[in-house]
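I have placed the structure first, in the form of structure tokens, so that the comments after it can refer back to it.
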Amino acid sequence: MSYNDRFIRACRKESVDRVPVWYMRQAGRYDPEYRKIKERYSLLEICRQPELAAEVTLMPVRKLGVDAAILYSDIMNPVASIGIDFDIVANVGPVIANPVRSKADVERLKPIDVEGDLSHVLETIRMLDRALDVPLITFAGAPFTIASYLIEGRPSRNYLRTKELMYGAPDVWHLLMDKLGDMVIAYLRAHMAAGGKAFQLFDSWVGALAPDDFNRFVLPTIERIFAELSDLPQPKIYFPGVGSGELLPALGRLQADVIGLDWRVPIAEGRRRLGGRFAVQGNLDPVVLTAPDEVIEEHARRIIDQGLEQPGYIFNLGHGLFPEASLEKLQRLTAYIHSYSSDAIVGSGAAKEAAGLG
């Protein structure tokens with residue numbers, strides 16, 4: 001079984017023969033087979049069964065031909081270990097039985113016990129490490145995004161209670177960030193020890209913050225997470241989520257390898273705002289997948305052309321797949337990305353050789 005390392009090479013800005021691609025939420029309800037599994041098991045029930053979680057992780061790799069797998073899990077999984085009672089409610093999202101609203105609530109949070117409480121996650125990673133011929137990406141939710149659920153008690157549109165705590169009790173806020181940062185560090189380190197080949201830190205909702213607030217209340221913890229994991233050899237990705245374009249210039253000191261971009265910032269502009277330091281990943285608007293194939297290909301072509309302007313590019317969406325996406329369209333898009341980018345790379349190499357630059 002040959003091993004496909006294009007994704008790892010792109011993370012490190014090394015040469016590739018075609019652009020690697022994977023999709024956030026690529027194991028999901030767009031797949032009829034997955035929908036049948038969800039009729040029998042909840043998300044959390046799947047996560048607690050390593051064989052089933054591994055199978056769901058493998059499904060899009062087999063069906064789509066993507067260049068990386070992403071662990072089937074949920075960003076809320078580790079918070080159970082620190083003392084948070086939650087459920088994933090259909091058509092709502094994470095719902096917290098005991099929201100965090102005070103200093104006493106934060107002080108009650110325990111250190112994470114990954115081996116004791118989350119051994120099923122680690123076993124899933126070990127099983128996938130043996131089964132996959134592409135890299136396995138694992139992930140964690142970033143402290144702001146996790147905090148928004150813990151404080152609000154459920155998904156929010158305006159993050160009123162979250163910002164109220166941040167502005168009104170900054171000492172409590174920073175204590176919470178510290179505890180969640182410790183949780184993320186321990187959780188991801190255990191993932192990499194179990195066989196993860198890269199990790200992504202999802203900060204899905206941090207784009208709700210103004211740049212000054214991000215710099216003051218969130219960025220120090222993000223920098224600490226990547227600094228404390230910098231000894232790990234695996235590539236490290238930070239995805240600052242939707243609406244985060246104005247936050248990109250602040251990431252210059254981050255000890256990450258890849259930054260994920262949402263669809264609001266063109267690849268070239270994202271690289272400029274990041275100072276050219278990182279490989280980049282993204283950034284097709286997921287809703288484009290509802291369009292005819294020729295429209296999808298037109299958008300993908302424009303993104304790939306920008307991605308190939310510099311080393312270090314991974315094709316992805318600007319956010320996660322949604323249930324209305326089509327399995328067949330994703331299969332065709334993946335094949336198109338591989339074919340078009342391969343031809344473009346070969347053509348670029350031939351042009352450079354003809355110009356005496358190769």
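Ligands are numbered from 1 in the order shown, chains are lettered A, B, ... in the order of the structure tokens, and residues start at 1 in each chain.
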Can you list every residue of region 231-281 of chain A that has an atom at most 7 Å from region 293-314 of chain A, with its nearest atom pair and the distance in Å to one decimal, using only C-alpha atoms, ordered by chain then number, as CSV?
```
residue,atom,partner,partner_atom,distance
A:Ile267,CA,A:Gln306,CA,6.0
A:Ala268,CA,A:Gln306,CA,5.9
A:Ala279,CA,A:Gly312,CA,4.3
A:Val280,CA,A:Tyr313,CA,5.2
A:Gln281,CA,A:Ile314,CA,4.6
```
From the DSSP assignment of the backbone, select every residue of region 15-220 of chain A that is alpha helix (DSSP H), and format the answer as a PyMOL selection string. chain A and resi 32-40+43-47+50-64+103-107+114-117+119-131+143-152+160-168+170-194+211-217+219-220
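In terms of minimum interatomic distance to Ile46 (chain A), A:Asp74 ranks closest within A:Asp31, A:Glu246, A:Asp343, A:Asp74, counting only C-alpha atoms.
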Atomic distance CA of Ala169 (chain A) - CA of Ala140 (chain A), expressed in Å with one decimal: 25.6 Å
Residue nearest Leu321 (chain A) among A:Val184, A:Ala53, A:Val287, A:Leu229 (counting only C-alpha atoms): A:Val287
Find the nearest atom pair between each residue of region 196-312 of chain A and region 178-183 of chain A for residues within 12 Å, count only C-alpha atoms, give distances in Å to one decimal, sort rows by chain and ascending number, and present the table as CSV.
```
residue,atom,partner,partner_atom,distance
A:Leu201,CA,A:Gly181,CA,11.2
A:Phe217,CA,A:Asp178,CA,10.9
A:Val218,CA,A:Asp178,CA,10.1
A:Leu219,CA,A:Gly181,CA,11.1
A:Pro220,CA,A:Asp178,CA,9.6
A:Thr221,CA,A:Gly181,CA,6.2
A:Ile222,CA,A:Gly181,CA,7.6
A:Glu223,CA,A:Gly181,CA,9.9
A:Arg224,CA,A:Gly181,CA,7.7
A:Ile225,CA,A:Gly181,CA,6.3
A:Phe226,CA,A:Gly181,CA,10.0
A:Ala227,CA,A:Gly181,CA,11.4
A:Glu228,CA,A:Asp182,CA,9.7
A:Leu229,CA,A:Asp182,CA,11.1
```
Could you write out that same residue set with N, CA, C and O atoms as a JSON list (two decimals), in the first residue's frame?
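Once written, again15.json looks like this:
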```
[["chain", "number", "residue", "atom", "x", "y", "z"],
["A", 201, "LEU", "N", -6.63, 23.24, 14.81],
["A", 201, "LEU", "CA", -7.31, 23.92, 15.90],
["A", 201, "LEU", "C", -8.43, 24.75, 15.29],
["A", 201, "LEU", "O", -8.18, 25.71, 14.56],
["A", 217, "PHE", "N", -7.75, 39.26, 24.27],
["A", 217, "PHE", "CA", -8.45, 38.25, 25.05],
["A", 217, "PHE", "C", -8.28, 36.81, 24.56],
["A", 217, "PHE", "O", -8.61, 35.88, 25.28],
["A", 218, "VAL", "N", -7.78, 36.63, 23.34],
["A", 218, "VAL", "CA", -7.74, 35.28, 22.76],
["A", 218, "VAL", "C", -6.36, 34.90, 22.25],
["A", 218, "VAL", "O", -5.86, 33.80, 22.52],
["A", 219, "LEU", "N", -5.74, 35.79, 21.49],
["A", 219, "LEU", "CA", -4.48, 35.46, 20.83],
["A", 219, "LEU", "C", -3.40, 34.94, 21.77],
["A", 219, "LEU", "O", -2.68, 34.00, 21.41],
["A", 220, "PRO", "N", -3.21, 35.51, 22.99],
["A", 220, "PRO", "CA", -2.15, 34.98, 23.86],
["A", 220, "PRO", "C", -2.32, 33.48, 24.14],
["A", 220, "PRO", "O", -1.32, 32.74, 24.20],
["A", 221, "THR", "N", -3.55, 33.02, 24.30],
["A", 221, "THR", "CA", -3.76, 31.59, 24.55],
["A", 221, "THR", "C", -3.50, 30.76, 23.30],
["A", 221, "THR", "O", -2.93, 29.66, 23.38],
["A", 222, "ILE", "N", -3.91, 31.27, 22.14],
["A", 222, "ILE", "CA", -3.63, 30.56, 20.89],
["A", 222, "ILE", "C", -2.13, 30.44, 20.68],
["A", 222, "ILE", "O", -1.61, 29.36, 20.32],
["A", 223, "GLU", "N", -1.41, 31.52, 20.91],
["A", 223, "GLU", "CA", 0.06, 31.48, 20.77],
["A", 223, "GLU", "C", 0.66, 30.49, 21.74],
["A", 223, "GLU", "O", 1.60, 29.75, 21.39],
["A", 224, "ARG", "N", 0.14, 30.43, 22.97],
["A", 224, "ARG", "CA", 0.68, 29.49, 23.97],
["A", 224, "ARG", "C", 0.45, 28.05, 23.54],
["A", 224, "ARG", "O", 1.33, 27.19, 23.68],
["A", 225, "ILE", "N", -0.74, 27.75, 23.02],
["A", 225, "ILE", "CA", -1.03, 26.39, 22.58],
["A", 225, "ILE", "C", -0.02, 25.93, 21.53],
["A", 225, "ILE", "O", 0.59, 24.86, 21.65],
["A", 226, "PHE", "N", 0.18, 26.74, 20.50],
["A", 226, "PHE", "CA", 1.11, 26.34, 19.44],
["A", 226, "PHE", "C", 2.55, 26.34, 19.92],
["A", 226, "PHE", "O", 3.35, 25.49, 19.50],
["A", 227, "ALA", "N", 2.91, 27.25, 20.82],
["A", 227, "ALA", "CA", 4.27, 27.26, 21.36],
["A", 227, "ALA", "C", 4.56, 26.00, 22.17],
["A", 227, "ALA", "O", 5.62, 25.38, 22.05],
["A", 228, "GLU", "N", 3.57, 25.58, 22.98],
["A", 228, "GLU", "CA", 3.80, 24.41, 23.84],
["A", 228, "GLU", "C", 3.74, 23.10, 23.06],
["A", 228, "GLU", "O", 4.22, 22.07, 23.54],
["A", 229, "LEU", "N", 3.20, 23.14, 21.86],
["A", 229, "LEU", "CA", 3.18, 21.95, 21.00],
["A", 229, "LEU", "C", 4.22, 22.03, 19.89],
["A", 229, "LEU", "O", 4.27, 21.15, 19.02]]
```
Contacts of Glu328 (chain A) at 12 Å or less, counting only C-alpha atoms, minus same-chain residues fewer than 6 places along, as a ChimeraX atom specification? /A:30-32,60,63-65,289-290,292-293,334-335
Just to be explicit: take each residue in the selection above, keep N, CA, C and O atoms, and write the result as a PDB file, in the first residue's frame.
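As written to disk, selection-v4.pdb reads:
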```
ATOM      1  N   TYR A  30     -24.183  14.669   3.989  1.00  0.00           N
ATOM      2  CA  TYR A  30     -24.320  14.651   2.536  1.00  0.00           C
ATOM      3  C   TYR A  30     -24.238  13.223   1.992  1.00  0.00           C
ATOM      4  O   TYR A  30     -24.642  12.941   0.866  1.00  0.00           O
ATOM      5  N   ASP A  31     -23.681  12.296   2.796  1.00  0.00           N
ATOM      6  CA  ASP A  31     -23.456  10.907   2.384  1.00  0.00           C
ATOM      7  C   ASP A  31     -24.637  10.047   2.845  1.00  0.00           C
ATOM      8  O   ASP A  31     -24.875   9.908   4.054  1.00  0.00           O
ATOM      9  N   PRO A  32     -25.395   9.436   1.920  1.00  0.00           N
ATOM     10  CA  PRO A  32     -26.548   8.611   2.313  1.00  0.00           C
ATOM     11  C   PRO A  32     -26.178   7.484   3.280  1.00  0.00           C
ATOM     12  O   PRO A  32     -26.961   7.143   4.177  1.00  0.00           O
ATOM     13  N   PRO A  60     -15.255   8.858   3.641  1.00  0.00           N
ATOM     14  CA  PRO A  60     -15.003   9.867   2.607  1.00  0.00           C
ATOM     15  C   PRO A  60     -13.660   9.689   1.909  1.00  0.00           C
ATOM     16  O   PRO A  60     -13.499  10.119   0.757  1.00  0.00           O
ATOM     17  N   LYS A  63     -14.580   7.135  -0.737  1.00  0.00           N
ATOM     18  CA  LYS A  63     -15.589   7.579  -1.699  1.00  0.00           C
ATOM     19  C   LYS A  63     -15.167   8.800  -2.497  1.00  0.00           C
ATOM     20  O   LYS A  63     -15.564   8.948  -3.662  1.00  0.00           O
ATOM     21  N   LEU A  64     -14.415   9.697  -1.878  1.00  0.00           N
ATOM     22  CA  LEU A  64     -14.078  10.966  -2.532  1.00  0.00           C
ATOM     23  C   LEU A  64     -12.681  10.988  -3.114  1.00  0.00           C
ATOM     24  O   LEU A  64     -12.388  11.792  -3.999  1.00  0.00           O
ATOM     25  N   GLY A  65     -11.778  10.155  -2.585  1.00  0.00           N
ATOM     26  CA  GLY A  65     -10.400  10.192  -3.051  1.00  0.00           C
ATOM     27  C   GLY A  65      -9.607  11.366  -2.517  1.00  0.00           C
ATOM     28  O   GLY A  65      -8.659  11.837  -3.166  1.00  0.00           O
ATOM     29  N   LEU A 289     -21.305  24.564  -3.737  1.00  0.00           N
ATOM     30  CA  LEU A 289     -21.544  23.164  -4.081  1.00  0.00           C
ATOM     31  C   LEU A 289     -22.986  22.905  -4.501  1.00  0.00           C
ATOM     32  O   LEU A 289     -23.298  21.820  -5.002  1.00  0.00           O
ATOM     33  N   THR A 290     -23.872  23.870  -4.312  1.00  0.00           N
ATOM     34  CA  THR A 290     -25.239  23.727  -4.813  1.00  0.00           C
ATOM     35  C   THR A 290     -25.352  24.134  -6.279  1.00  0.00           C
ATOM     36  O   THR A 290     -26.394  23.924  -6.900  1.00  0.00           O
ATOM     37  N   PRO A 292     -24.313  24.383 -10.526  1.00  0.00           N
ATOM     38  CA  PRO A 292     -23.954  23.416 -11.571  1.00  0.00           C
ATOM     39  C   PRO A 292     -22.452  23.147 -11.576  1.00  0.00           C
ATOM     40  O   PRO A 292     -21.648  23.989 -11.138  1.00  0.00           O
ATOM     41  N   ASP A 293     -22.063  21.995 -12.109  1.00  0.00           N
ATOM     42  CA  ASP A 293     -20.662  21.595 -12.090  1.00  0.00           C
ATOM     43  C   ASP A 293     -19.739  22.636 -12.708  1.00  0.00           C
ATOM     44  O   ASP A 293     -18.642  22.889 -12.194  1.00  0.00           O
ATOM     45  N   THR A 334     -13.408  16.758  -6.470  1.00  0.00           N
ATOM     46  CA  THR A 334     -12.104  16.230  -6.043  1.00  0.00           C
ATOM     47  C   THR A 334     -11.284  15.797  -7.251  1.00  0.00           C
ATOM     48  O   THR A 334     -10.090  16.115  -7.353  1.00  0.00           O
ATOM     49  N   ALA A 335     -11.911  15.091  -8.171  1.00  0.00           N
ATOM     50  CA  ALA A 335     -11.214  14.662  -9.385  1.00  0.00           C
ATOM     51  C   ALA A 335     -10.770  15.875 -10.201  1.00  0.00           C
ATOM     52  O   ALA A 335      -9.656  15.884 -10.762  1.00  0.00           O
TER      53      ALA A 335
END
```
I'd like to know which residues of region 154-268 of chain A are strand (DSSP E) (by DSSP, run on the backbone); could you write them as a PyMOL selection string? chain A and resi 198-202+236-239+258-260
Can you write out the residues you just picked, keeping all heavy atoms, as a compact mmCIF listing (two decimals), in the first residue's frame?
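Wrote it out as selection.txt, contents follow:
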```txt
# COMPACT_ATOMS: atom_id res chain seq x y z
N ALA A 198 -1.26 15.13 11.77
CA ALA A 198 -1.36 16.58 11.76
C ALA A 198 -2.54 16.92 12.66
O ALA A 198 -3.37 16.05 12.98
CB ALA A 198 -1.61 17.13 10.35
N PHE A 199 -2.63 18.18 13.09
CA PHE A 199 -3.83 18.57 13.82
C PHE A 199 -4.30 19.95 13.37
O PHE A 199 -3.53 20.75 12.86
CB PHE A 199 -3.64 18.52 15.34
CG PHE A 199 -2.74 19.59 15.93
CD1 PHE A 199 -3.16 20.91 16.06
CD2 PHE A 199 -1.46 19.26 16.37
CE1 PHE A 199 -2.34 21.88 16.61
CE2 PHE A 199 -0.63 20.23 16.93
CZ PHE A 199 -1.08 21.54 17.04
N GLN A 200 -5.60 20.17 13.54
CA GLN A 200 -6.20 21.47 13.25
C GLN A 200 -6.90 21.98 14.49
O GLN A 200 -7.67 21.26 15.12
CB GLN A 200 -7.19 21.37 12.09
CG GLN A 200 -7.90 22.69 11.79
CD GLN A 200 -8.46 22.75 10.38
OE1 GLN A 200 -7.75 22.50 9.42
NE2 GLN A 200 -9.73 23.08 10.26
N LEU A 201 -6.63 23.24 14.81
CA LEU A 201 -7.31 23.92 15.90
C LEU A 201 -8.43 24.75 15.29
O LEU A 201 -8.18 25.71 14.56
CB LEU A 201 -6.32 24.80 16.67
CG LEU A 201 -6.87 25.45 17.94
CD1 LEU A 201 -7.21 24.38 18.99
CD2 LEU A 201 -5.85 26.44 18.53
N PHE A 202 -9.67 24.34 15.57
CA PHE A 202 -10.85 25.02 15.03
C PHE A 202 -11.25 26.17 15.94
O PHE A 202 -11.61 25.94 17.10
CB PHE A 202 -12.03 24.04 14.95
CG PHE A 202 -12.02 23.14 13.76
CD1 PHE A 202 -11.41 21.90 13.82
CD2 PHE A 202 -12.65 23.51 12.58
CE1 PHE A 202 -11.43 21.04 12.73
CE2 PHE A 202 -12.68 22.66 11.48
CZ PHE A 202 -12.06 21.42 11.55
N LYS A 236 0.83 21.64 11.93
CA LYS A 236 -0.15 22.24 12.82
C LYS A 236 -0.94 23.31 12.06
O LYS A 236 -0.34 24.19 11.45
CB LYS A 236 0.56 22.85 14.03
CG LYS A 236 1.44 21.85 14.77
CD LYS A 236 2.51 22.54 15.61
CE LYS A 236 3.50 21.53 16.18
NZ LYS A 236 4.33 20.89 15.13
N ILE A 237 -2.26 23.23 12.13
CA ILE A 237 -3.14 24.12 11.38
C ILE A 237 -3.99 24.93 12.35
O ILE A 237 -4.53 24.38 13.32
CB ILE A 237 -4.08 23.32 10.45
CG1 ILE A 237 -3.30 22.36 9.56
CG2 ILE A 237 -4.93 24.27 9.59
CD1 ILE A 237 -4.18 21.34 8.84
N TYR A 238 -4.12 26.23 12.08
CA TYR A 238 -5.07 27.06 12.81
C TYR A 238 -6.13 27.54 11.83
O TYR A 238 -5.81 28.13 10.80
CB TYR A 238 -4.37 28.26 13.45
CG TYR A 238 -5.29 29.17 14.24
CD1 TYR A 238 -6.13 28.67 15.23
CD2 TYR A 238 -5.32 30.55 13.99
CE1 TYR A 238 -6.96 29.50 15.96
CE2 TYR A 238 -6.14 31.39 14.73
CZ TYR A 238 -6.96 30.86 15.71
OH TYR A 238 -7.79 31.69 16.43
N PHE A 239 -7.39 27.25 12.16
CA PHE A 239 -8.50 27.74 11.34
C PHE A 239 -9.30 28.74 12.17
O PHE A 239 -10.04 28.35 13.07
CB PHE A 239 -9.39 26.58 10.91
CG PHE A 239 -10.61 27.02 10.13
CD1 PHE A 239 -10.48 27.78 8.97
CD2 PHE A 239 -11.88 26.68 10.56
CE1 PHE A 239 -11.60 28.20 8.26
CE2 PHE A 239 -13.01 27.09 9.85
CZ PHE A 239 -12.87 27.85 8.70
N VAL A 258 0.15 26.02 8.97
CA VAL A 258 -0.90 26.29 7.99
C VAL A 258 -1.98 27.15 8.64
O VAL A 258 -2.34 26.92 9.80
CB VAL A 258 -1.54 24.97 7.49
CG1 VAL A 258 -2.56 25.25 6.39
CG2 VAL A 258 -0.49 23.98 7.02
N ILE A 259 -2.51 28.10 7.88
CA ILE A 259 -3.67 28.88 8.31
C ILE A 259 -4.81 28.59 7.34
O ILE A 259 -4.64 28.70 6.12
CB ILE A 259 -3.38 30.39 8.34
CG1 ILE A 259 -2.18 30.70 9.25
CG2 ILE A 259 -4.63 31.16 8.79
CD1 ILE A 259 -2.37 30.36 10.71
N GLY A 260 -5.97 28.24 7.87
CA GLY A 260 -7.16 28.04 7.06
C GLY A 260 -7.88 29.36 6.83
O GLY A 260 -8.02 30.16 7.76
```
Just the residues within 8 Å of region 20-26 of chain A, please, counting only C-alpha atoms, with nothing from its chain fewer than 3 positions along; format it as number ranges by chain. A: 6-7, 10, 60, 66-70, 313-317, 319-322, 334, 337-338
With N, CA and C atoms retained, could you export that selection as a PDB file, in the first residue's frame?
```
ATOM      1  N   ARG A   6       0.984  13.925   0.003  1.00  0.00           N
ATOM      2  CA  ARG A   6       0.876  15.264  -0.607  1.00  0.00           C
ATOM      3  C   ARG A   6       0.432  16.308   0.405  1.00  0.00           C
ATOM      4  N   PHE A   7      -0.523  15.947   1.243  1.00  0.00           N
ATOM      5  CA  PHE A   7      -1.019  16.896   2.233  1.00  0.00           C
ATOM      6  C   PHE A   7       0.105  17.351   3.167  1.00  0.00           C
ATOM      7  N   ALA A  10       2.537  19.639   1.333  1.00  0.00           N
ATOM      8  CA  ALA A  10       2.001  20.983   1.126  1.00  0.00           C
ATOM      9  C   ALA A  10       2.022  21.788   2.420  1.00  0.00           C
ATOM     10  N   PRO A  60     -15.255   8.858   3.641  1.00  0.00           N
ATOM     11  CA  PRO A  60     -15.003   9.867   2.607  1.00  0.00           C
ATOM     12  C   PRO A  60     -13.660   9.689   1.909  1.00  0.00           C
ATOM     13  N   VAL A  66      -9.964  11.849  -1.323  1.00  0.00           N
ATOM     14  CA  VAL A  66      -9.265  12.989  -0.731  1.00  0.00           C
ATOM     15  C   VAL A  66      -7.873  12.579  -0.254  1.00  0.00           C
ATOM     16  N   ASP A  67      -7.043  13.588   0.000  1.00  0.00           N
ATOM     17  CA  ASP A  67      -5.632  13.366   0.330  1.00  0.00           C
ATOM     18  C   ASP A  67      -5.359  13.337   1.827  1.00  0.00           C
ATOM     19  N   ALA A  68      -6.391  13.461   2.648  1.00  0.00           N
ATOM     20  CA  ALA A  68      -6.234  13.362   4.100  1.00  0.00           C
ATOM     21  C   ALA A  68      -7.570  12.950   4.700  1.00  0.00           C
ATOM     22  N   ALA A  69      -7.495  12.247   5.807  1.00  0.00           N
ATOM     23  CA  ALA A  69      -8.681  11.931   6.605  1.00  0.00           C
ATOM     24  C   ALA A  69      -8.716  12.890   7.782  1.00  0.00           C
ATOM     25  N   ILE A  70      -9.921  13.202   8.242  1.00  0.00           N
ATOM     26  CA  ILE A  70     -10.032  13.950   9.497  1.00  0.00           C
ATOM     27  C   ILE A  70     -10.854  13.125  10.466  1.00  0.00           C
ATOM     28  N   TYR A 313       0.007  25.043  -0.492  1.00  0.00           N
ATOM     29  CA  TYR A 313      -1.424  25.284  -0.666  1.00  0.00           C
ATOM     30  C   TYR A 313      -2.186  23.973  -0.592  1.00  0.00           C
ATOM     31  N   ILE A 314      -3.291  23.982   0.169  1.00  0.00           N
ATOM     32  CA  ILE A 314      -4.180  22.832   0.331  1.00  0.00           C
ATOM     33  C   ILE A 314      -5.595  23.293  -0.002  1.00  0.00           C
ATOM     34  N   PHE A 315      -6.259  22.587  -0.893  1.00  0.00           N
ATOM     35  CA  PHE A 315      -7.643  22.947  -1.236  1.00  0.00           C
ATOM     36  C   PHE A 315      -8.582  22.435  -0.152  1.00  0.00           C
ATOM     37  N   ASN A 316      -9.500  23.310   0.250  1.00  0.00           N
ATOM     38  CA  ASN A 316     -10.529  22.945   1.217  1.00  0.00           C
ATOM     39  C   ASN A 316     -11.692  23.899   1.023  1.00  0.00           C
ATOM     40  N   LEU A 317     -12.671  23.802   1.873  1.00  0.00           N
ATOM     41  CA  LEU A 317     -13.780  24.734   1.885  1.00  0.00           C
ATOM     42  C   LEU A 317     -13.469  25.864   2.865  1.00  0.00           C
ATOM     43  N   HIS A 319     -15.562  26.689   5.126  1.00  0.00           N
ATOM     44  CA  HIS A 319     -16.167  26.194   6.368  1.00  0.00           C
ATOM     45  C   HIS A 319     -16.580  24.762   6.076  1.00  0.00           C
ATOM     46  N   GLY A 320     -17.381  24.158   6.959  1.00  0.00           N
ATOM     47  CA  GLY A 320     -17.675  22.742   6.805  1.00  0.00           C
ATOM     48  C   GLY A 320     -18.757  22.434   5.785  1.00  0.00           C
ATOM     49  N   LEU A 321     -18.728  21.196   5.293  1.00  0.00           N
ATOM     50  CA  LEU A 321     -19.790  20.696   4.424  1.00  0.00           C
ATOM     51  C   LEU A 321     -21.134  20.707   5.154  1.00  0.00           C
ATOM     52  N   PHE A 322     -22.205  20.815   4.408  1.00  0.00           N
ATOM     53  CA  PHE A 322     -23.533  20.854   4.983  1.00  0.00           C
ATOM     54  C   PHE A 322     -24.360  19.713   4.376  1.00  0.00           C
ATOM     55  N   THR A 334     -13.408  16.758  -6.470  1.00  0.00           N
ATOM     56  CA  THR A 334     -12.104  16.230  -6.043  1.00  0.00           C
ATOM     57  C   THR A 334     -11.284  15.797  -7.251  1.00  0.00           C
ATOM     58  N   ILE A 337     -10.060  18.961  -9.072  1.00  0.00           N
ATOM     59  CA  ILE A 337      -8.947  19.622  -8.379  1.00  0.00           C
ATOM     60  C   ILE A 337      -7.639  18.901  -8.690  1.00  0.00           C
ATOM     61  N   HIS A 338      -7.669  17.579  -8.586  1.00  0.00           N
ATOM     62  CA  HIS A 338      -6.453  16.801  -8.856  1.00  0.00           C
ATOM     63  C   HIS A 338      -6.011  16.950 -10.311  1.00  0.00           C
TER      64      HIS A 338
END
```
Could you make a table, as a Markdown table, of the residues of region 145-232 of chain A that have an atom within 8 Å of an atom of region 103-109 of chain A, each with its nearest atom pair and distance in Å to one decimal, counting only C-alpha atoms, in chain and number order?
```
| residue | atom | partner | partner_atom | distance |
| --- | --- | --- | --- | --- |
| A:Val172 | CA | A:Lys103 | CA | 5.4 |
| A:Leu175 | CA | A:Val106 | CA | 7.2 |
| A:Leu176 | CA | A:Val106 | CA | 5.9 |
| A:Lys179 | CA | A:Leu109 | CA | 7.7 |
```
Got time to write the residues from that selection, N, CA, C and O atoms, as a compact mmCIF listing (two decimals), in the first residue's frame?
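Contents of selection_34.txt, freshly written:
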```txt
# COMPACT_ATOMS: atom_id res chain seq x y z
N VAL A 172 -11.70 36.54 35.26
CA VAL A 172 -12.38 35.25 35.12
C VAL A 172 -12.20 34.72 33.69
O VAL A 172 -11.95 33.53 33.48
N LEU A 175 -8.73 33.30 33.25
CA LEU A 175 -8.63 32.01 33.95
C LEU A 175 -9.27 30.91 33.12
O LEU A 175 -8.72 29.80 33.00
N LEU A 176 -10.43 31.20 32.52
CA LEU A 176 -11.08 30.22 31.67
C LEU A 176 -10.23 29.91 30.44
O LEU A 176 -10.08 28.74 30.05
N LYS A 179 -7.43 27.56 31.44
CA LYS A 179 -7.85 26.17 31.67
C LYS A 179 -8.19 25.47 30.36
O LYS A 179 -7.84 24.30 30.16
```
